[in-house]
Amino acid sequence: MKPEGPRFSPLPDPIELPRIFDARGNLTAIESGVHVPFAIGRIYYLYDVPGGASRGGHAHLKNVEFLIAAMGSFDVILDNGQDRKRIHLNRSYFGVLVPTMVWRELDNFSSGSVCLVLASEHYSEADYIRDYEEFAAAIRGGRS
Ligand code: TYD
């Protein structure tokens, strides 16, 4: 049997979410299976991020995440083991869907920013790859 080759997850572009405009303030809703292609199993958010801090620095085996700059702005750096891209999120009606086996880092947080994350899975440390070399080796080995 031929060994499996590298398996590179596609790097996403930001997705624009619908907005309900209202003079009293705008509204955006996100529904499982409609705006994100997974059942939302967990919600968490990053806030009070000090200037110059960097978050992330890992990939997930099973967990898929949708990242939104609910407040302020930050950059999402995505790396699939072959290509790397930087996405600046600065609108609360744009999100980035991060597939499994994509290395992500977050930096360039503006003061007072909030990164809202919708995740497909409950928190599990066993689902993380936190070492970049281990991640790159897993991609080369075709693991996904
Ligand atoms: P981590 O996912 O490494 O943070 P980030 O990628 O945003 O930099 O998580 C940081 C710590 O918080 C780590 O000890 C695990 C814990 N944690 C939870 O307990 N539950 C969660 O849902 C998440 C995302 C993290």
# chains A, B, ... in the order shown; residues from 1 in each chain; ligands from 1
$ residues_around --residues "His122 in chain A" --least-positions-apart "3" --cutoff "8 Å" --atoms "only C-alpha atoms" --output "list in words"
Gly41, Arg42 and Ala119 of chain A
$ write_last_selection --atoms "all heavy atoms" --output "mmCIF file, in the first residue's frame"
data_model
loop_
_atom_site.group_PDB
_atom_site.id
_atom_site.type_symbol
_atom_site.label_atom_id
_atom_site.label_comp_id
_atom_site.auth_asym_id
_atom_site.auth_seq_id
_atom_site.Cartn_x
_atom_site.Cartn_y
_atom_site.Cartn_z
ATOM 1 N N GLY A 41 -20.471 23.435 20.151
ATOM 2 C CA GLY A 41 -20.338 22.686 21.395
ATOM 3 C C GLY A 41 -19.781 23.513 22.534
ATOM 4 O O GLY A 41 -19.873 23.109 23.704
ATOM 5 N N ARG A 42 -19.205 24.666 22.178
ATOM 6 C CA ARG A 42 -18.529 25.475 23.211
ATOM 7 C C ARG A 42 -18.356 26.889 22.683
ATOM 8 O O ARG A 42 -18.150 27.090 21.476
ATOM 9 C CB ARG A 42 -17.148 24.851 23.504
ATOM 10 C CG ARG A 42 -16.278 25.611 24.470
ATOM 11 C CD ARG A 42 -15.069 24.756 24.877
ATOM 12 N NE ARG A 42 -14.416 24.190 23.709
ATOM 13 C CZ ARG A 42 -13.169 24.455 23.333
ATOM 14 N NH1 ARG A 42 -12.397 25.236 24.057
ATOM 15 N NH2 ARG A 42 -12.662 23.908 22.254
ATOM 16 N N ALA A 119 -16.807 26.962 19.006
ATOM 17 C CA ALA A 119 -16.028 25.743 18.801
ATOM 18 C C ALA A 119 -16.964 24.549 18.650
ATOM 19 O O ALA A 119 -18.054 24.510 19.237
ATOM 20 C CB ALA A 119 -15.086 25.522 19.989
#
$ residues_around --residues "Ala136 in chain A" --least-positions-apart "5" --cutoff "9 Å" --atoms "only C-alpha atoms" --output "NGL selection string"
:A and (80-82 or 131 or 141)
$ residues_near_ligand --ligand "ligand 1" --cutoff "10 Å" --atoms "only C-alpha atoms and all ligand atoms" --output "ChimeraX atom specification"
/A:42-47,53-60,104-107,115,117-119,121-125,128,130
$ closest_residue --among "A:Leu61, A:Tyr93, A:Val76, A:Ile129" --to "His35 in chain A" --atoms "only C-alpha atoms"
A:Tyr93
$ atom_distance --atom1 "CA of Ala138 in chain A" --atom2 "CA of Asp75 in chain A"
25.2 Å
$ closest_residue --among "A:Glu16, A:Met101, A:Asp48, A:Ser120" --to "Ala137 in chain A" --atoms "only C-alpha atoms"
A:Met101
$ select_by_dssp --residues "range 22-135 of chain A" --states "strand (DSSP E or B)" --output "ChimeraX atom specification"
/A:27,32,36,42-46,55-60,65-71,74-79,84-89,94-98,103-107,114-119,128-129
$ atom_distance --atom1 "CA of Leu11 in chain A" --atom2 "CA of Leu67 in chain A"
13.8 Å
$ residues_around --residues "range 18-29 of chain A" --least-positions-apart "4" --cutoff "12 Å" --atoms "only C-alpha atoms" --output "list in words"
Val34, His35, Val36, Ile68, Ala70, Arg91, Ser92, Tyr93, Phe94 and Gly95 of chain A
$ write_last_selection --atoms "C-alpha atoms" --output "compact mmCIF listing (two decimals), in the first residue's frame"
# COMPACT_ATOMS: atom_id res chain seq x y z
CA VAL A 34 -26.37 27.68 8.59
CA HIS A 35 -23.53 30.15 9.15
CA VAL A 36 -21.04 27.69 10.67
CA ILE A 68 -14.88 36.70 15.42
CA ALA A 70 -16.63 40.84 18.58
CA ARG A 91 -15.56 43.96 12.10
CA SER A 92 -17.97 42.05 14.33
CA TYR A 93 -19.81 40.73 11.25
CA PHE A 94 -16.80 38.87 9.81
CA GLY A 95 -15.47 35.54 11.04
$ decode --residues "range 127-141 of chain A" --atoms "C-alpha atoms" --output "mmCIF file, in the first residue's frame"
data_model
loop_
_atom_site.group_PDB
_atom_site.id
_atom_site.type_symbol
_atom_site.label_atom_id
_atom_site.label_comp_id
_atom_site.auth_asym_id
_atom_site.auth_seq_id
_atom_site.Cartn_x
_atom_site.Cartn_y
_atom_site.Cartn_z
ATOM 1 C CA ASP A 127 -7.214 17.504 20.928
ATOM 2 C CA TYR A 128 -4.313 20.011 20.793
ATOM 3 C CA ILE A 129 -1.009 19.853 18.944
ATOM 4 C CA ARG A 130 1.052 22.537 20.664
ATOM 5 C CA ASP A 131 4.437 21.826 19.088
ATOM 6 C CA TYR A 132 4.936 23.201 15.554
ATOM 7 C CA GLU A 133 7.422 20.484 14.555
ATOM 8 C CA GLU A 134 4.992 17.820 15.713
ATOM 9 C CA PHE A 135 2.250 19.545 13.694
ATOM 10 C CA ALA A 136 4.442 19.717 10.566
ATOM 11 C CA ALA A 137 5.413 16.041 10.949
ATOM 12 C CA ALA A 138 1.748 15.056 11.343
ATOM 13 C CA ILE A 139 0.873 16.936 8.141
ATOM 14 C CA ARG A 140 3.772 15.312 6.251
ATOM 15 C CA GLY A 141 2.590 11.910 7.478
#
